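Visitor: Dropping in query_22.cif, which is mmCIF, C-alpha atoms:
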data_start
loop_
_atom_site.label_atom_id
_atom_site.label_comp_id
_atom_site.auth_asym_id
_atom_site.auth_seq_id
_atom_site.Cartn_x
_atom_site.Cartn_y
_atom_site.Cartn_z
CA MET A 20 -138.28 -127.27 -37.08
CA ILE A 21 -140.89 -128.19 -34.47
CA LEU A 22 -142.16 -125.48 -32.14
CA SER A 23 -143.83 -126.10 -28.82
CA GLY A 24 -146.02 -123.77 -26.80
CA LYS A 25 -142.89 -122.82 -24.87
CA ALA A 26 -140.93 -121.72 -27.94
CA ARG A 27 -138.75 -118.64 -27.51
CA LEU A 28 -139.52 -115.92 -30.03
CA ALA A 29 -137.38 -113.19 -31.57
CA GLY A 30 -137.25 -111.46 -34.92
CA VAL A 31 -136.11 -108.53 -37.01
CA ILE A 32 -138.18 -105.37 -37.49
CA GLY A 33 -137.63 -103.35 -40.65
CA TRP A 34 -139.40 -101.59 -43.52
CA PRO A 35 -138.94 -103.32 -45.83
CA VAL A 36 -137.57 -106.48 -44.25
CA SER A 37 -137.76 -109.04 -47.06
CA HIS A 38 -134.10 -108.45 -48.00
CA SER A 39 -132.80 -109.25 -44.50
CA ARG A 40 -130.57 -112.29 -44.11
CA SER A 41 -131.04 -112.31 -40.34
CA PRO A 42 -133.90 -114.87 -40.39
CA ARG A 43 -131.72 -117.27 -42.37
CA LEU A 44 -128.77 -116.63 -40.06
CA HIS A 45 -130.65 -117.09 -36.79
CA GLY A 46 -132.67 -119.95 -38.25
CA PHE A 47 -129.42 -121.80 -38.95
CA TRP A 48 -128.33 -121.41 -35.34
CA LEU A 49 -131.72 -122.47 -33.98
CA ASP A 50 -131.74 -125.63 -36.10
CA HIS A 51 -128.06 -126.40 -35.47
CA LEU A 52 -128.46 -126.04 -31.70
CA GLY A 53 -131.84 -127.79 -31.55
CA ILE A 54 -133.50 -124.86 -29.78
CA ASP A 55 -137.26 -124.66 -29.37
CA GLY A 56 -137.61 -121.20 -30.86
CA ALA A 57 -138.21 -119.05 -33.92
CA TYR A 58 -136.81 -115.87 -35.44
CA LEU A 59 -139.33 -114.01 -37.58
CA PRO A 60 -139.14 -111.22 -40.18
CA LEU A 61 -141.50 -108.44 -39.09
CA ALA A 62 -142.36 -105.82 -41.73
CA VAL A 63 -143.32 -102.74 -39.73
CA THR A 64 -143.89 -99.22 -41.02
CA PRO A 65 -142.38 -96.30 -39.10
CA ALA A 66 -145.88 -95.24 -38.06
CA ASN A 67 -146.45 -98.61 -36.37
CA LEU A 68 -143.01 -99.07 -34.81
CA GLU A 69 -143.88 -97.88 -31.32
CA ALA A 70 -147.03 -100.01 -31.10
CA VAL A 71 -145.17 -103.13 -32.26
CA VAL A 72 -142.19 -102.60 -29.95
CA ARG A 73 -144.51 -102.02 -26.97
CA ALA A 74 -146.35 -105.24 -27.83
CA LEU A 75 -143.25 -107.47 -27.90
CA PRO A 76 -143.35 -108.40 -24.18
CA LYS A 77 -147.12 -108.98 -24.34
CA MET A 78 -146.68 -111.42 -27.23
CA GLY A 79 -143.97 -113.40 -25.47
CA PHE A 80 -141.03 -112.18 -27.55
CA ARG A 81 -137.59 -112.29 -25.95
CA GLY A 82 -136.47 -109.41 -28.14
CA CYS A 83 -135.65 -108.47 -31.70
CA ASN A 84 -133.23 -106.84 -34.08
CA LEU A 85 -133.94 -103.50 -35.69
CA THR A 86 -132.87 -102.58 -39.18
CA VAL A 87 -133.46 -99.59 -41.46
CA PRO A 88 -135.22 -97.26 -40.95
CA HIS A 89 -135.86 -97.98 -37.26
CA LYS A 90 -132.49 -97.96 -35.48
CA GLU A 91 -132.60 -94.30 -34.44
CA ALA A 92 -136.32 -94.18 -33.65
CA ALA A 93 -135.95 -97.08 -31.22
CA LEU A 94 -133.78 -94.95 -28.92
CA ALA A 95 -136.91 -93.32 -27.50
CA LEU A 96 -138.81 -96.58 -27.08
CA VAL A 97 -136.63 -98.49 -24.60
CA ASP A 98 -136.66 -98.44 -20.80
CA GLU A 99 -132.88 -98.61 -20.57
CA LEU A 100 -130.20 -97.82 -23.12
CA GLU A 101 -126.72 -99.28 -22.96
CA PRO A 102 -124.05 -96.54 -23.00
CA LEU A 103 -122.52 -97.63 -26.30
CA ALA A 104 -125.91 -97.55 -28.05
CA ALA A 105 -126.50 -94.07 -26.65
CA ARG A 106 -123.10 -92.95 -27.91
CA ILE A 107 -123.66 -94.38 -31.38
CA GLY A 108 -127.18 -92.99 -31.47
CA ALA A 109 -128.80 -96.18 -32.73
CA VAL A 110 -130.30 -99.42 -31.42
CA ASN A 111 -130.03 -102.62 -33.42
CA THR A 112 -130.93 -105.10 -30.66
CA LEU A 113 -133.82 -105.11 -28.19
CA VAL A 114 -133.87 -107.45 -25.21
CA VAL A 115 -137.11 -108.08 -23.31
CA ARG A 116 -136.13 -108.59 -19.70
CA ASP A 117 -137.94 -110.80 -17.20
CA ASP A 118 -139.99 -107.89 -15.85
CA GLY A 119 -141.13 -106.96 -19.38
CA SER A 120 -138.91 -103.90 -19.67
CA LEU A 121 -136.92 -103.23 -22.83
CA LEU A 122 -133.14 -102.93 -22.99
CA GLY A 123 -131.66 -101.22 -26.06
CA ARG A 124 -128.26 -102.34 -27.28
CA ASN A 125 -126.02 -101.78 -30.28
CA THR A 126 -123.96 -104.79 -31.34
CA ASP A 127 -122.78 -103.38 -34.67
CA ALA A 128 -119.60 -102.02 -33.09
CA PHE A 129 -118.82 -105.42 -31.59
CA GLY A 130 -119.56 -107.14 -34.90
CA PHE A 131 -117.30 -104.78 -36.81
CA LEU A 132 -114.30 -105.23 -34.51
CA GLU A 133 -114.74 -108.98 -34.18
CA ASN A 134 -114.88 -109.29 -37.96
CA LEU A 135 -111.57 -107.44 -38.28
CA ARG A 136 -109.89 -109.46 -35.54
CA ARG A 137 -111.04 -112.81 -36.93
CA GLY A 138 -110.50 -111.87 -40.56
CA CYS A 139 -107.03 -110.40 -40.04
CA PRO A 140 -105.49 -111.45 -36.69
CA ALA A 141 -102.34 -109.50 -37.50
CA TRP A 142 -104.20 -106.18 -37.29
CA THR A 143 -104.20 -104.36 -33.96
CA PRO A 144 -105.52 -100.93 -32.93
CA ALA A 145 -101.92 -99.89 -32.32
CA ALA A 146 -100.96 -100.54 -35.96
CA GLY A 147 -101.61 -96.95 -37.02
CA PRO A 148 -104.24 -94.48 -38.26
CA ALA A 149 -107.61 -95.55 -39.63
CA VAL A 150 -109.42 -93.93 -42.54
CA VAL A 151 -113.20 -94.29 -42.44
CA ILE A 152 -115.26 -93.46 -45.55
CA GLY A 153 -118.81 -92.30 -44.85
CA ALA A 154 -120.67 -90.59 -42.02
CA GLY A 155 -123.98 -92.44 -41.82
CA GLY A 156 -125.33 -94.83 -39.20
CA ALA A 157 -122.83 -97.58 -40.01
CA ALA A 158 -119.96 -95.10 -39.79
CA ARG A 159 -121.10 -94.08 -36.32
CA ALA A 160 -120.85 -97.68 -35.14
CA VAL A 161 -117.47 -98.17 -36.83
CA VAL A 162 -115.95 -94.97 -35.45
CA ALA A 163 -117.32 -95.68 -31.97
CA ALA A 164 -115.80 -99.17 -32.12
CA LEU A 165 -112.40 -97.81 -33.16
CA ILE A 166 -112.49 -95.22 -30.37
CA GLU A 167 -113.39 -97.93 -27.84
CA ALA A 168 -110.55 -100.07 -29.19
CA GLY A 169 -108.09 -97.27 -28.47
CA LEU A 170 -107.03 -96.05 -31.91
CA ALA A 171 -104.88 -92.95 -31.67
CA GLU A 172 -106.03 -91.40 -34.97
CA ILE A 173 -109.18 -91.75 -37.05
CA ARG A 174 -109.56 -89.84 -40.32
CA LEU A 175 -113.20 -89.41 -41.30
CA VAL A 176 -114.01 -88.72 -44.95
CA ASN A 177 -117.49 -88.00 -46.27
CA ARG A 178 -118.85 -86.36 -49.40
CA GLY A 179 -120.80 -83.95 -47.16
CA ARG A 180 -118.38 -82.44 -44.63
CA ASP A 181 -121.13 -81.13 -42.33
CA ARG A 182 -122.37 -84.60 -41.54
CA ALA A 183 -118.85 -85.80 -40.82
CA GLU A 184 -118.27 -82.82 -38.52
CA GLN A 185 -121.45 -83.68 -36.64
CA LEU A 186 -120.39 -87.31 -36.22
CA ALA A 187 -116.99 -86.23 -34.91
CA ALA A 188 -118.59 -83.79 -32.47
CA ASP A 189 -121.07 -86.40 -31.24
CA LEU A 190 -118.54 -89.18 -30.67
CA GLY A 191 -115.50 -87.16 -29.65
CA GLY A 192 -112.20 -89.01 -29.52
CA PRO A 193 -109.27 -88.71 -31.92
CA VAL A 194 -111.38 -88.05 -35.02
CA THR A 195 -110.18 -85.67 -37.74
CA VAL A 196 -112.53 -84.74 -40.60
CA VAL A 197 -110.93 -84.77 -44.06
CA ASP A 198 -112.41 -83.07 -47.13
CA TRP A 199 -113.76 -85.39 -49.80
CA ALA A 200 -111.29 -83.88 -52.30
CA ASP A 201 -108.43 -85.04 -50.08
CA ARG A 202 -109.70 -88.60 -49.54
CA SER A 203 -106.86 -90.27 -51.46
CA VAL A 204 -104.18 -88.19 -49.74
CA ALA A 205 -105.61 -89.21 -46.36
CA LEU A 206 -104.57 -92.81 -47.04
CA ALA A 207 -100.86 -92.03 -46.56
CA ASP A 208 -99.42 -94.00 -43.59
CA ALA A 209 -102.85 -95.47 -42.75
CA ALA A 210 -103.02 -98.97 -41.25
CA LEU A 211 -106.75 -99.47 -41.79
CA LEU A 212 -109.24 -98.36 -44.46
CA VAL A 213 -112.97 -98.94 -43.94
CA ASN A 214 -115.76 -98.19 -46.39
CA THR A 215 -119.03 -97.72 -44.48
CA THR A 216 -121.02 -96.38 -47.45
CA THR A 217 -123.19 -98.31 -49.90
CA LEU A 218 -120.81 -97.46 -52.75
CA GLY A 219 -119.72 -100.73 -54.31
CA MET A 220 -122.93 -102.53 -53.39
CA THR A 221 -124.76 -104.33 -56.18
CA GLY A 222 -126.78 -101.70 -58.06
CA GLN A 223 -124.63 -98.81 -56.78
CA SER A 224 -121.64 -97.08 -58.34
CA ASN A 225 -118.18 -98.03 -57.09
CA LEU A 226 -116.25 -96.04 -54.52
CA ASP A 227 -114.06 -93.52 -56.34
CA LEU A 228 -110.86 -93.80 -54.31
CA ASP A 229 -107.27 -93.91 -55.58
CA LEU A 230 -105.33 -96.39 -53.42
CA ALA A 231 -101.86 -95.33 -54.59
CA ALA A 232 -100.96 -93.67 -51.28
CA LEU A 233 -102.21 -96.56 -49.14
CA PRO A 234 -99.39 -98.63 -47.59
CA PRO A 235 -99.42 -102.23 -48.90
CA THR A 236 -99.62 -103.51 -45.32
CA ALA A 237 -102.83 -101.61 -44.53
CA LEU A 238 -105.94 -103.68 -43.87
CA VAL A 239 -108.90 -102.85 -46.12
CA ASN A 240 -112.46 -103.59 -44.98
CA ASP A 241 -115.74 -102.97 -46.78
CA ILE A 242 -118.92 -103.40 -44.76
CA VAL A 243 -120.81 -104.11 -48.00
CA TYR A 244 -121.31 -107.86 -48.48
CA VAL A 245 -123.40 -107.94 -51.68
CA PRO A 246 -121.21 -108.58 -53.61
CA LEU A 247 -118.89 -110.26 -51.15
CA GLU A 248 -115.85 -108.82 -52.93
CA THR A 249 -116.52 -105.21 -53.87
CA ASP A 250 -114.50 -103.26 -56.37
CA LEU A 251 -112.60 -101.68 -53.45
CA LEU A 252 -111.63 -105.05 -52.00
CA ALA A 253 -110.71 -106.46 -55.40
CA ARG A 254 -108.39 -103.51 -56.13
CA ALA A 255 -106.86 -103.70 -52.65
CA ARG A 256 -106.26 -107.44 -52.98
CA MET A 257 -104.65 -106.96 -56.40
CA ARG A 258 -102.07 -104.59 -54.88
CA GLY A 259 -101.33 -106.97 -52.00
CA ASN A 260 -103.29 -105.43 -49.13
CA PRO A 261 -104.95 -107.77 -46.63
CA VAL A 262 -108.73 -107.51 -46.99
CA VAL A 263 -111.76 -108.40 -44.88
CA ASP A 264 -115.24 -108.53 -46.43
CA GLY A 265 -118.41 -107.25 -44.78
CA LEU A 266 -120.29 -110.49 -44.17
CA GLY A 267 -118.49 -111.23 -40.91
CA MET A 268 -119.80 -108.02 -39.36
CA LEU A 269 -123.37 -109.20 -40.00
CA LEU A 270 -122.61 -112.62 -38.52
CA TRP A 271 -120.76 -111.42 -35.44
CA GLN A 272 -123.18 -108.64 -34.54
CA ALA A 273 -125.94 -111.25 -34.41
CA ALA A 274 -124.29 -113.46 -31.78
CA PRO A 275 -124.87 -111.33 -28.63
CA GLY A 276 -128.57 -110.91 -29.42
CA PHE A 277 -129.03 -114.62 -30.07
CA GLU A 278 -127.42 -115.40 -26.72
CA ALA A 279 -129.65 -112.91 -24.90
CA TRP A 280 -132.85 -114.30 -26.45
CA PHE A 281 -132.14 -118.01 -26.65
CA GLY A 282 -129.65 -118.58 -23.83
CA VAL A 283 -126.80 -120.04 -25.89
CA ARG A 284 -123.77 -118.30 -27.39
CA PRO A 285 -123.68 -119.41 -31.06
CA GLU A 286 -120.56 -119.99 -33.13
CA VAL A 287 -119.66 -118.17 -36.32
CA THR A 288 -118.26 -120.81 -38.66
CA ALA A 289 -117.35 -121.27 -42.30
CA VAL A 290 -120.41 -123.47 -42.69
CA LEU A 291 -122.61 -120.64 -41.41
CA ARG A 292 -121.00 -118.16 -43.81
CA ASP A 293 -121.65 -120.44 -46.76
CA PHE A 294 -125.24 -121.04 -45.67
CA VAL A 295 -126.03 -117.32 -45.32
CA LEU A 296 -124.36 -116.53 -48.65
CA ALA A 297 -126.42 -119.19 -50.38
CA GLY A 298 -129.66 -117.55 -49.30
#
Take the structure in the file and give it back as structure tokens.
Guide:
Amino acid sequence: MILSGKARLAGVIGWPVSHSRSPRLHGFWLDHLGIDGAYLPLAVTPANLEAVVRALPKMGFRGCNLTVPHKEAALALVDELEPLAARIGAVNTLVVRDDGSLLGRNTDAFGFLENLRRGCPAWTPAAGPAVVIGAGGAARAVVAALIEAGLAEIRLVNRGRDRAEQLAADLGGPVTVVDWADRSVALADAALLVNTTTLGMTGQSNLDLDLAALPPTALVNDIVYVPLETDLLARARMRGNPVVDGLGMLLWQAAPGFEAWFGVRPEVTAVLRDFVLAG
């Protein structure tokens, strides 16, 4: 990679940020497309977030991604917030506009839906109810995406009911909160099951969920991608359910930001998936 004085700059802000695969992902696209630009990992403490975000236009950055723990805090730091980001309550993409102002976006919802559509073209929002496990930041993006897609029924299950009730109240739409004790029963007649928690991730315990009531035609998605096939996906695959892993959400959510910063819409390919996984 050769950078000129006119190189376009972007990056990812997190604390910590060393685990992020975004630099590898965007670096692949930059090299593949021959773009004079760089995407940098920026380790920024919460105390320094505002100063760093305010400095982005002054340093010539076109924008950046935001990862934990900064997605919610960034809401108050932008000049304009896209409606979907406001609804989700989190910003994962900042765009520095020509006048130096900051636009806050959330592309996680887009990435989630695109991953489902590409990973299982047979699935449609009209297929039937969705069951979403978890009520954290990722769940907010997933539920918002499903509402936007037009699902008629979304069953939200979380170990702490209060947090699920708050998510449902914030987002509105056809969301019904289900007690954790009834999580397996909630799978009856569902057409989609999504795990938005970290359960099943390497180093975490597996998601305790009996799949017996889940129709064999229901699509099962886990947003965890380390490991690529979680215990949930492995059990669903064994019983014949179509499954979609979580890596595609990471890849697809990155595309709109890359286009905004570098002026080219990148492609999500099998080669890219393999490259990111190898990192």
Visitor: For stretch 272-283 of chain A, please output as JSON, numbers by chain all residues within 10 Å (counting all atoms listed in the file; exclusion window: fewer than 5 positions along the same chain).
Guide: {"A": [26, 27, 28, 29, 30, 41, 44, 45, 48, 49, 52, 54, 55, 56, 57, 58, 80, 81, 82, 83, 84, 111, 112, 113, 114, 115, 116, 124, 125, 126, 127, 128, 129, 130, 131, 132, 133, 134, 267]}
Visitor: For this file, the PyMOL selection byres ((chain A and resi 153-165) around 10) selects which residues, as number ranges by chain?
Guide: A: 87, 90-91, 103-104, 106-109, 125-132, 144, 149-152, 166-187, 189-194, 199, 213-218, 242
Visitor: Taking all listed atoms of stretch 125-132 of chain A, build the axis-aligned box, pad each of the six sides by 8 Å, then write its centre and edge lengths in Å to one decimal as lines of an AutoDock Vina configuration file.
Guide:
center_x = -120.2
center_y = -104.5
center_z = -33.5
size_x = 27.7
size_y = 21.4
size_z = 22.5
Visitor: As a list in words, please: the residues near A:Leu296 (cut-off 12 Å, all atoms listed in the file, same-chain neighbours under 5 positions excluded).
Guide: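 Here the qualifying residues turn out to be Ser39, Arg40, Ser41, Arg43, Leu44, Tyr244, Val245, Pro246, Leu247, Gly265, Leu266, Gly267, Leu269, Leu270, Ala289, Val290 and Leu291 of chain A.
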Visitor: What's the separation between atom CA of A:Asp117 and atom CA of A:Gly79, in Å to one decimal place?
Guide: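 These two atoms are separated by 10.6 Å.
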Visitor: Mind pulling up the distance from atom CA of A:Leu61 to atom CA of A:Ala297?
Guide: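 Computed distance, atom CA of A:Ala297 to atom CA of A:Leu61, equals 21.7 Å.
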Visitor: Which of these residues is nearest to A:Pro140, using all atoms listed in the file: A:Leu100, A:Val204, A:Leu238, A:Ala66?
Guide: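 For A:Pro140, the nearest of the candidates is A:Leu238.
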Visitor: Tell me, in Å to one decimal, how far atom CA of A:Glu248 is from atom CA of A:Asp50.
Guide: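 If I compute the distance from atom CA of A:Glu248 to atom CA of A:Asp50, I get 28.6 Å.
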Visitor: For A:Val36, find every residue with an atom within 8 Å (counting only C-alpha atoms), except residues of its own chain fewer than 3 positions away, and show them as a list of chain:residue names.
Guide: A:Val31, A:Ile32, A:Gly33, A:Ser39, A:Pro60, A:Leu61, A:Ala62, A:Thr86
Visitor: I'd like the neighbourhood of A:Val72 as a count of residues only, where a residue qualifies if any of its atoms comes within 9 Å (using all atoms listed in the file), though same-chain residues fewer than 4 positions away should be ignored.
Guide: 10
Visitor: Here is a test: counting all atoms listed in the file, which residue of A:Ala95, A:Ile21, A:Leu75, A:Ala232 is nearest to A:Val110?
Guide: A:Ala95
Visitor: How would stretch 72-83 of chain A read, as a CSV table (one decimal), in the coordinates of the input, once all heavy atoms are built in?
Guide:
chain,number,residue,atom,x,y,z
A,72,VAL,N,-143.2,-102.4,-31.0
A,72,VAL,CA,-142.2,-102.6,-30.0
A,72,VAL,C,-142.8,-102.8,-28.6
A,72,VAL,O,-142.4,-103.6,-27.8
A,72,VAL,CB,-141.2,-101.4,-30.0
A,72,VAL,CG1,-140.3,-101.4,-28.7
A,72,VAL,CG2,-140.4,-101.5,-31.2
A,73,ARG,N,-143.8,-101.9,-28.3
A,73,ARG,CA,-144.5,-102.0,-27.0
A,73,ARG,C,-145.2,-103.4,-26.8
A,73,ARG,O,-145.4,-103.8,-25.7
A,73,ARG,CB,-145.5,-100.9,-26.8
A,73,ARG,CG,-145.0,-99.5,-26.9
A,73,ARG,CD,-144.1,-99.1,-25.7
A,73,ARG,NE,-143.7,-97.7,-25.8
A,73,ARG,CZ,-142.6,-97.3,-25.2
A,73,ARG,NH1,-141.9,-98.1,-24.5
A,73,ARG,NH2,-142.3,-96.0,-25.3
A,74,ALA,N,-145.6,-104.0,-27.9
A,74,ALA,CA,-146.4,-105.2,-27.8
A,74,ALA,C,-145.4,-106.5,-27.7
A,74,ALA,O,-145.9,-107.6,-27.3
A,74,ALA,CB,-147.2,-105.4,-29.1
A,75,LEU,N,-144.1,-106.3,-27.9
A,75,LEU,CA,-143.2,-107.5,-27.9
A,75,LEU,C,-143.3,-108.3,-26.6
A,75,LEU,O,-143.5,-109.5,-26.6
A,75,LEU,CB,-141.8,-107.0,-28.2
A,75,LEU,CG,-141.5,-106.6,-29.6
A,75,LEU,CD1,-140.1,-106.0,-29.6
A,75,LEU,CD2,-141.7,-107.7,-30.6
A,76,PRO,N,-143.3,-107.6,-25.4
A,76,PRO,CA,-143.4,-108.4,-24.2
A,76,PRO,C,-144.7,-109.1,-24.0
A,76,PRO,O,-144.8,-110.2,-23.5
A,76,PRO,CB,-143.1,-107.3,-23.1
A,76,PRO,CG,-142.4,-106.2,-23.8
A,76,PRO,CD,-143.0,-106.2,-25.2
A,77,LYS,N,-145.8,-108.4,-24.5
A,77,LYS,CA,-147.1,-109.0,-24.3
A,77,LYS,C,-147.3,-110.2,-25.2
A,77,LYS,O,-148.1,-111.1,-24.9
A,77,LYS,CB,-148.2,-107.9,-24.7
A,77,LYS,CG,-148.1,-106.7,-23.8
A,77,LYS,CD,-149.0,-105.6,-24.3
A,77,LYS,CE,-148.9,-104.3,-23.5
A,77,LYS,NZ,-149.7,-103.2,-23.9
A,78,MET,N,-146.6,-110.3,-26.3
A,78,MET,CA,-146.7,-111.4,-27.2
A,78,MET,C,-145.7,-112.5,-26.9
A,78,MET,O,-145.6,-113.5,-27.6
A,78,MET,CB,-146.5,-111.0,-28.7
A,78,MET,CG,-147.6,-110.0,-29.2
A,78,MET,SD,-147.5,-109.7,-30.9
A,78,MET,CE,-145.9,-109.0,-31.1
A,79,GLY,N,-144.9,-112.4,-25.9
A,79,GLY,CA,-144.0,-113.4,-25.5
A,79,GLY,C,-142.6,-113.4,-26.2
A,79,GLY,O,-141.9,-114.3,-26.1
A,80,PHE,N,-142.3,-112.3,-26.9
A,80,PHE,CA,-141.0,-112.2,-27.6
A,80,PHE,C,-139.9,-111.9,-26.5
A,80,PHE,O,-140.1,-111.2,-25.6
A,80,PHE,CB,-141.0,-111.0,-28.6
A,80,PHE,CG,-141.6,-111.4,-29.9
A,80,PHE,CD1,-142.9,-111.7,-30.1
A,80,PHE,CD2,-140.7,-111.5,-31.0
A,80,PHE,CE1,-143.4,-112.1,-31.3
A,80,PHE,CE2,-141.2,-111.9,-32.3
A,80,PHE,CZ,-142.5,-112.2,-32.4
A,81,ARG,N,-138.8,-112.5,-26.8
A,81,ARG,CA,-137.6,-112.3,-26.0
A,81,ARG,C,-136.8,-111.1,-26.4
A,81,ARG,O,-136.0,-110.6,-25.7
A,81,ARG,CB,-136.7,-113.5,-26.0
A,81,ARG,CG,-137.3,-114.8,-25.5
A,81,ARG,CD,-137.7,-114.7,-24.0
A,81,ARG,NE,-138.2,-115.9,-23.5
A,81,ARG,CZ,-137.6,-116.8,-22.8
A,81,ARG,NH1,-136.3,-116.6,-22.5
A,81,ARG,NH2,-138.1,-117.9,-22.3
A,82,GLY,N,-137.1,-110.6,-27.6
A,82,GLY,CA,-136.5,-109.4,-28.1
A,82,GLY,C,-136.5,-109.4,-29.7
A,82,GLY,O,-137.2,-110.3,-30.3
A,83,CYS,N,-135.7,-108.5,-30.2
A,83,CYS,CA,-135.6,-108.5,-31.7
A,83,CYS,C,-134.5,-107.6,-32.1
A,83,CYS,O,-133.8,-106.9,-31.4
A,83,CYS,CB,-136.9,-107.9,-32.3
A,83,CYS,SG,-137.1,-106.1,-31.9
